[in-house]
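Beneath this line is the structure, given in structure tokens, with notes to follow.
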6 protein chains.
Amino acid sequence: MLKTAIFPGSFDPFTIGHESVVRRALDIFDKIIISIGYNSQKKGFFSLENRKKMIGEIFKDEQKISVMSYDIMTVDFCKEQNAKYILRGLRTAQDFEYERAIAQMNLSLKGIETLFLLTLPEHSPISSSIIREILSYGGDVSKFISLKINIKNYIEK
Amino acid sequence: MLKTAIFPGSFDPFTIGHESVVRRALDIFDKIIISIGYNSQKKGFFSLENRKKMIGEIFKDEQKISVMSYDIMTVDFCKEQNAKYILRGLRTAQDFEYERAIAQMNLSLKGIETLFLLTLPEHSPISSSIIREILSYGGDVSKFISLKINIKNYIEK
Amino acid sequence: MLKTAIFPGSFDPFTIGHESVVRRALDIFDKIIISIGYNSQKKGFFSLENRKKMIGEIFKDEQKISVMSYDIMTVDFCKEQNAKYILRGLRTAQDFEYERAIAQMNLSLKGIETLFLLTLPEHSPISSSIIREILSYGGDVSKFISLKINIKNYIEK
Amino acid sequence: MLKTAIFPGSFDPFTIGHESVVRRALDIFDKIIISIGYNSQKKGFFSLENRKKMIGEIFKDEQKISVMSYDIMTVDFCKEQNAKYILRGLRTAQDFEYERAIAQMNLSLKGIETLFLLTLPEHSPISSSIIREILSYGGDVSKFISLKINIKNYIEK
Amino acid sequence: MLKTAIFPGSFDPFTIGHESVVRRALDIFDKIIISIGYNSQKKGFFSLENRKKMIGEIFKDEQKISVMSYDIMTVDFCKEQNAKYILRGLRTAQDFEYERAIAQMNLSLKGIETLFLLTLPEHSPISSSIIREILSYGGDVSKFISLKINIKNYIEK
Amino acid sequence: MLKTAIFPGSFDPFTIGHESVVRRALDIFDKIIISIGYNSQKKGFFSLENRKKMIGEIFKDEQKISVMSYDIMTVDFCKEQNAKYILRGLRTAQDFEYERAIAQMNLSLKGIETLFLLTLPEHSPISSSIIREILSYGGDVSKFISLKINIKNYIEK
């Protein structure tokens, strides 16, 4: 049976921190589905369509990686995709406490296990929300985004 | 290539928290080596020999699991065993900060990745050191130890 | 003089974590008032009326427990009720830091002491906000709610 | 060259915790600009004008301290003011994790260093948000505000 | 039945932080036994005898408080004394994580509940170990010790 | 008056994390005394003499920096050196809680202020104790030590 993992998030936008975690997990799984959770009532900074394109572009040469979006419970999406695992990156102790509650609930609800990798030390201060804030002031975020894309192309006018 | 993980620790003694993490990780890896790190100058509560026996007994029906001991750097032991991964359980935010520094150093030193699973909520207060303390007062620790063994048989007289 | 404690919260909904803390504190106090703080401008997931009913049903056999709601400062509500104590459950280090600031302010403002019990390990991932999120997706939350009630009866159509 | 630091915040309102950090940092710098970051779309509890007046009144005898407001990125405001440093107070571990990410980004983006002082132990539970909450219930906050001002004079009717 | 609590610790020495927690808990219990846990193999800075005298002197006017020492498991000592509760003070998030594991084990082992009060903000940096360190350098610790005693009288020559 | 800061530690050994904090603080102070606290009863991995030499070599071109050792209380050493400030680097939330208690005591005891800089993200996993452990296994630590020195020259045979 294929070992499939979901890498869930809002990825608004997808950062080099996210990218690094996915690449470092590639050898563990047969398939990683980067899964954009969205809520039709909350508009993101980047459109769902552009987030998908961005991630697709970053990993276009990786056969094992696909990109999807979902608006159901993460564990239900795992079941739909036959994924037994959720993959998550951990940066800080504060992240950890939040992630722990979610992961323990996901295991309790549907038997889905969460595997954690640590972000690299140099990526620890990077978060999508800080990037959105810098962008909202017109600042340059290119060093926090994959070299494979130009983030300006994904911002709607 | 086999996906091999080291599950390192002093396991003095091996608790149901440890056991649960290993069992839940079984599907991820082809081989898990429970690896007892020891220091010939620090005597444990349980002898190295008895720790090995205890763990061997608990997992005697699991083909994928073996037990070894080592007295070199954990990353060097990984290299010797062709293990690309270290498996660790996380209980608390305090654990997390300690584990993060070690894991980031292990990646930086020898490219060994650490995968974390969370302990189950009901196992979070259990630690080898609390068990040793209860044992030192003659208390009963059987509910913190695998049902498959009788810990009293492993305490030296 | 009666030893009265307020157990304040929004209880949207009341979980088995809350229930366990109240039951374990019953012997300490003569009277525990489960006190639903509400803000007329924030609509909850469950109506205030249904939250009261739910809690009343759970503790209908406990003479020492009553349910009330309030929309003033918690310490002022304590004064009104002649309660010298606030009872709170603690789950995580993150909870702790938040609770500490509130409790130290309550002591400084009106001399009200806060007593903390720890939630049971198996209840640590349970929170009202996670339950509301599961409910918003139509998921089953019955294992996080008192066996004495059927939560579906309290959701408004 | 003058050693200038920005002390940024929303200061809604400015507390004795903020005041204490600024006074204790006075000898380190030649100039401290208390810098009210605001967002024209978020209305504060106190008007920007009144926040400036309040702080100006508190420090009217300190030649080294000035008060300004800004609505650009904090690091860009530092550059405009020739300030090489950001000054911040730290109260709790939770504060710390939040502040660390911001400070590391500010260093990475524009080379601005952040210096931290700890708040005094007795100030650790005091925050602008708790004060606003007390005020919203008509409570008395005078003990959390500088003796040099009467906060009631700054609340708009 | 009397509501009895154990306030356990090594109290080497007993600080104003300890004193404040005990006094603030006086109204909750009928009896508080300040219980010095000791290990005959670890010599303290203060002798067990002097620690008892110190605490006895501080609370000589409090009928509800007694001082004892014990060298068994804390929960077993609770059973011996018919104490259903352990009282503990909490200072920091780090304290919390340590205390949580102990308290959850005590509940699991013998059904003993632990009640936590927060130390006052101004007492949060005070610990017996820092006081011992200051004393080892001949420093003055009088402001961290009850006004009712002169700590110099308890240091052995 | 000269603005003098003490940068205290055991520096066994001095890491690139320490070096980076000192260099980044150079513009703030007129003089930084790297101050090796030692205890004649605890032998370090590196001799006190070699620690001094190592640090002296690293900063031999910096006029503002000197190296000293002391075996009294840090605040008393500050007084002797007319230093009003202690400089410290912060890595993690766990560091923070420990440092906070010490810093608040130092302020309370002798009015000495502590200024904190954050270590760079990439230095956050580096600590003297991890380096000593790697060295004890004969591992290579050169990437954690200043390029200006060869650490092998400082290890006693």
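By order of appearance in the structure tokens: chains A, B, ..., then residues from 1 within every chain, and ligands from 1 in the order shown.
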Practice task
Please identify every residue of chain F that has at least one atom no more than 12 Å from any atom of chain B, counting only C-alpha atoms, and report them as a ChimeraX atom specification.
Solution key: /F:91-97,121-131,133-144
Limited to N, CA, C and O atoms, could you put the picked residues into a file as a CSV table (one decimal), in the first residue's frame?
```
chain,number,residue,atom,x,y,z
F,91,ARG,N,18.2,32.4,23.5
F,91,ARG,CA,17.9,31.5,22.4
F,91,ARG,C,16.5,31.0,22.4
F,91,ARG,O,15.8,31.1,21.4
F,92,THR,N,16.0,30.5,23.5
F,92,THR,CA,14.8,29.8,23.5
F,92,THR,C,13.9,30.3,24.7
F,92,THR,O,14.4,30.9,25.6
F,93,ALA,N,12.6,29.8,24.7
F,93,ALA,CA,11.7,30.2,25.8
F,93,ALA,C,12.2,29.6,27.1
F,93,ALA,O,12.0,30.2,28.2
F,94,GLN,N,12.9,28.5,27.0
F,94,GLN,CA,13.4,27.9,28.3
F,94,GLN,C,14.5,28.7,28.8
F,94,GLN,O,14.6,29.0,30.0
F,95,ASP,N,15.5,29.1,28.0
F,95,ASP,CA,16.5,30.1,28.4
F,95,ASP,C,15.9,31.3,29.0
F,95,ASP,O,16.3,31.7,30.1
F,96,PHE,N,14.8,31.7,28.4
F,96,PHE,CA,14.2,33.0,28.9
F,96,PHE,C,13.7,32.9,30.3
F,96,PHE,O,14.0,33.8,31.1
F,97,GLU,N,13.1,31.8,30.7
F,97,GLU,CA,12.5,31.7,32.0
F,97,GLU,C,13.7,31.6,33.1
F,97,GLU,O,13.6,32.2,34.1
F,121,PRO,N,18.9,33.1,14.4
F,121,PRO,CA,18.2,31.8,14.3
F,121,PRO,C,19.1,30.7,14.0
F,121,PRO,O,19.0,29.6,14.6
F,122,GLU,N,20.1,30.8,13.2
F,122,GLU,CA,21.0,29.7,12.8
F,122,GLU,C,21.9,29.3,14.0
F,122,GLU,O,22.5,28.2,14.0
F,123,HIS,N,22.0,30.1,15.0
F,123,HIS,CA,22.8,29.8,16.2
F,123,HIS,C,22.0,29.2,17.3
F,123,HIS,O,22.6,28.8,18.3
F,124,SER,N,20.7,29.1,17.1
F,124,SER,CA,19.9,28.8,18.3
F,124,SER,C,20.1,27.4,18.8
F,124,SER,O,20.0,27.1,20.0
F,125,PRO,N,20.5,26.4,18.0
F,125,PRO,CA,20.7,25.0,18.6
F,125,PRO,C,22.1,24.9,19.3
F,125,PRO,O,22.4,23.9,19.9
F,126,ILE,N,23.0,25.9,19.1
F,126,ILE,CA,24.4,25.8,19.6
F,126,ILE,C,24.5,26.1,21.0
F,126,ILE,O,24.1,27.2,21.5
F,127,SER,N,25.1,25.2,21.8
F,127,SER,CA,25.3,25.5,23.2
F,127,SER,C,26.7,24.9,23.6
F,127,SER,O,27.2,23.9,23.0
F,128,SER,N,27.3,25.5,24.6
F,128,SER,CA,28.6,24.9,25.1
F,128,SER,C,28.5,23.5,25.5
F,128,SER,O,29.4,22.7,25.2
F,129,SER,N,27.3,23.1,26.1
F,129,SER,CA,27.2,21.8,26.6
F,129,SER,C,27.1,20.8,25.4
F,129,SER,O,27.7,19.7,25.5
F,130,ILE,N,26.4,21.1,24.4
F,130,ILE,CA,26.4,20.2,23.2
F,130,ILE,C,27.8,20.1,22.6
F,130,ILE,O,28.2,19.0,22.2
F,131,ILE,N,28.5,21.2,22.5
F,131,ILE,CA,29.8,21.2,22.0
F,131,ILE,C,30.8,20.3,22.8
F,131,ILE,O,31.5,19.5,22.3
F,133,GLU,N,29.9,17.8,24.6
F,133,GLU,CA,29.5,16.4,24.4
F,133,GLU,C,30.1,15.9,23.1
F,133,GLU,O,30.6,14.8,23.0
F,134,ILE,N,30.0,16.7,22.0
F,134,ILE,CA,30.5,16.2,20.7
F,134,ILE,C,32.1,16.0,20.9
F,134,ILE,O,32.6,15.0,20.4
F,135,LEU,N,32.7,16.9,21.6
F,135,LEU,CA,34.2,16.8,21.8
F,135,LEU,C,34.5,15.6,22.6
F,135,LEU,O,35.5,14.9,22.3
F,136,SER,N,33.6,15.2,23.5
F,136,SER,CA,33.9,14.0,24.4
F,136,SER,C,33.9,12.7,23.5
F,136,SER,O,34.5,11.7,23.9
F,137,TYR,N,33.2,12.8,22.4
F,137,TYR,CA,33.2,11.6,21.5
F,137,TYR,C,34.2,11.8,20.3
F,137,TYR,O,34.1,11.0,19.4
F,138,GLY,N,35.0,12.8,20.4
F,138,GLY,CA,36.0,13.0,19.4
F,138,GLY,C,35.4,13.6,18.1
F,138,GLY,O,36.1,13.6,17.0
F,139,GLY,N,34.2,14.2,18.2
F,139,GLY,CA,33.6,14.8,17.0
F,139,GLY,C,34.2,16.1,16.6
F,139,GLY,O,35.0,16.7,17.3
F,140,ASP,N,33.8,16.6,15.4
F,140,ASP,CA,34.3,17.9,14.9
F,140,ASP,C,33.4,19.0,15.2
F,140,ASP,O,32.2,19.0,14.8
F,141,VAL,N,33.8,20.0,15.9
F,141,VAL,CA,32.9,21.1,16.3
F,141,VAL,C,33.4,22.4,15.6
F,141,VAL,O,32.9,23.5,16.0
F,142,SER,N,34.3,22.3,14.7
F,142,SER,CA,34.8,23.6,14.1
F,142,SER,C,33.8,24.5,13.6
F,142,SER,O,33.9,25.7,13.7
F,143,LYS,N,32.7,24.0,13.1
F,143,LYS,CA,31.7,25.0,12.6
F,143,LYS,C,30.9,25.7,13.6
F,143,LYS,O,30.2,26.7,13.3
F,144,PHE,N,31.1,25.4,14.9
F,144,PHE,CA,30.4,26.1,16.0
F,144,PHE,C,31.3,27.1,16.7
F,144,PHE,O,30.9,27.7,17.7
```
Problem - DSSP-assigned strand (DSSP E or B) among segment 40-137 of chain B, expressed as a PyMOL selection string - result: chain B and resi 65-70+85-90+113-118
Store the residues of this selection in a file with C-alpha atoms, as a PDB file, in the first residue's frame.
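The result, written out as again-v2.pdb:
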```pdb
ATOM      1  CA  ILE B  65      12.093  -4.244  15.590  1.00  0.00           C
ATOM      2  CA  SER B  66      15.510  -4.979  17.012  1.00  0.00           C
ATOM      3  CA  VAL B  67      17.326  -3.831  20.132  1.00  0.00           C
ATOM      4  CA  MET B  68      20.919  -2.669  20.300  1.00  0.00           C
ATOM      5  CA  SER B  69      23.130  -0.614  22.556  1.00  0.00           C
ATOM      6  CA  TYR B  70      25.771   1.942  21.654  1.00  0.00           C
ATOM      7  CA  TYR B  85      16.162   8.694  10.615  1.00  0.00           C
ATOM      8  CA  ILE B  86      15.908   9.158  14.337  1.00  0.00           C
ATOM      9  CA  LEU B  87      12.456   8.589  15.827  1.00  0.00           C
ATOM     10  CA  ARG B  88      11.453  10.464  18.968  1.00  0.00           C
ATOM     11  CA  GLY B  89       8.327  10.941  21.041  1.00  0.00           C
ATOM     12  CA  LEU B  90       7.361  14.389  22.274  1.00  0.00           C
ATOM     13  CA  GLU B 113      16.654  13.721  10.184  1.00  0.00           C
ATOM     14  CA  THR B 114      14.553  13.323  13.323  1.00  0.00           C
ATOM     15  CA  LEU B 115      10.871  12.419  13.071  1.00  0.00           C
ATOM     16  CA  PHE B 116       8.635  13.205  15.999  1.00  0.00           C
ATOM     17  CA  LEU B 117       5.421  11.542  17.091  1.00  0.00           C
ATOM     18  CA  LEU B 118       3.439  12.884  20.016  1.00  0.00           C
TER      19      LEU B 118
END
```
Residue list (helix (DSSP H, G or I), DSSP) for segment 35-93 of chain B, as an mmCIF file with N, CA and C atoms, in the first residue's frame:
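What follows is the written file selection.cif:
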```
data_model
loop_
_atom_site.group_PDB
_atom_site.id
_atom_site.type_symbol
_atom_site.label_atom_id
_atom_site.label_comp_id
_atom_site.auth_asym_id
_atom_site.auth_seq_id
_atom_site.Cartn_x
_atom_site.Cartn_y
_atom_site.Cartn_z
ATOM 1 N N LEU B 48 22.211 -2.616 31.775
ATOM 2 C CA LEU B 48 22.071 -2.553 30.323
ATOM 3 C C LEU B 48 21.511 -3.886 29.812
ATOM 4 N N GLU B 49 22.020 -4.977 30.361
ATOM 5 C CA GLU B 49 21.586 -6.307 29.951
ATOM 6 C C GLU B 49 20.072 -6.477 30.159
ATOM 7 N N ASN B 50 19.596 -6.055 31.310
ATOM 8 C CA ASN B 50 18.176 -6.221 31.620
ATOM 9 C C ASN B 50 17.285 -5.287 30.799
ATOM 10 N N ARG B 51 17.808 -4.109 30.503
ATOM 11 C CA ARG B 51 17.026 -3.226 29.643
ATOM 12 C C ARG B 51 16.833 -3.873 28.274
ATOM 13 N N LYS B 52 17.912 -4.449 27.759
ATOM 14 C CA LYS B 52 17.825 -5.125 26.452
ATOM 15 C C LYS B 52 16.816 -6.264 26.496
ATOM 16 N N LYS B 53 16.886 -7.064 27.560
ATOM 17 C CA LYS B 53 15.975 -8.208 27.686
ATOM 18 C C LYS B 53 14.518 -7.757 27.743
ATOM 19 N N MET B 54 14.283 -6.734 28.563
ATOM 20 C CA MET B 54 12.935 -6.187 28.735
ATOM 21 C C MET B 54 12.346 -5.770 27.384
ATOM 22 N N ILE B 55 13.100 -5.000 26.627
ATOM 23 C CA ILE B 55 12.611 -4.485 25.346
ATOM 24 C C ILE B 55 12.441 -5.635 24.353
ATOM 25 N N GLY B 56 13.418 -6.570 24.385
ATOM 26 C CA GLY B 56 13.335 -7.727 23.491
ATOM 27 C C GLY B 56 12.070 -8.531 23.753
ATOM 28 N N GLU B 57 11.752 -8.703 25.018
ATOM 29 C CA GLU B 57 10.548 -9.438 25.403
ATOM 30 C C GLU B 57 9.276 -8.728 24.919
ATOM 31 N N ILE B 58 9.246 -7.415 25.104
ATOM 32 C CA ILE B 58 8.051 -6.640 24.727
ATOM 33 C C ILE B 58 7.762 -6.773 23.235
ATOM 34 N N THR B 74 25.129 9.458 18.779
ATOM 35 C CA THR B 74 23.932 8.875 18.176
ATOM 36 C C THR B 74 23.988 8.945 16.647
ATOM 37 N N VAL B 75 24.421 10.084 16.112
ATOM 38 C CA VAL B 75 24.493 10.191 14.648
ATOM 39 C C VAL B 75 25.507 9.230 14.043
ATOM 40 N N ASP B 76 26.571 8.969 14.760
ATOM 41 C CA ASP B 76 27.547 7.998 14.249
ATOM 42 C C ASP B 76 26.962 6.584 14.278
ATOM 43 N N PHE B 77 26.187 6.304 15.304
ATOM 44 C CA PHE B 77 25.531 4.994 15.360
ATOM 45 C C PHE B 77 24.521 4.864 14.206
ATOM 46 N N CYS B 78 23.827 5.942 13.889
ATOM 47 C CA CYS B 78 22.920 5.927 12.729
ATOM 48 C C CYS B 78 23.685 5.557 11.463
ATOM 49 N N LYS B 79 24.820 6.210 11.258
ATOM 50 C CA LYS B 79 25.623 5.942 10.068
ATOM 51 C C LYS B 79 26.039 4.464 10.011
ATOM 52 N N GLU B 80 26.511 3.949 11.125
ATOM 53 C CA GLU B 80 26.918 2.542 11.205
ATOM 54 C C GLU B 80 25.789 1.600 10.803
ATOM 55 N N ALA B 93 6.093 20.898 25.996
ATOM 56 C CA ALA B 93 6.828 22.012 25.401
ATOM 57 C C ALA B 93 8.273 22.041 25.882
#
```
Practice task
Would you mind reading off the distance between atom CA of Pro8 of chain C and atom CA of Ser35 of chain C, one decimal, in Å?
Solution key: 4.6 Å
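For the pair atom CA of Gly17 of chain A and atom CA of Asn150 of chain A, the interatomic distance is 16.3 Å.
Picture a line from atom CA of Pro13 of chain A to atom CA of Phe46 of chain A; it runs 6.8 Å.
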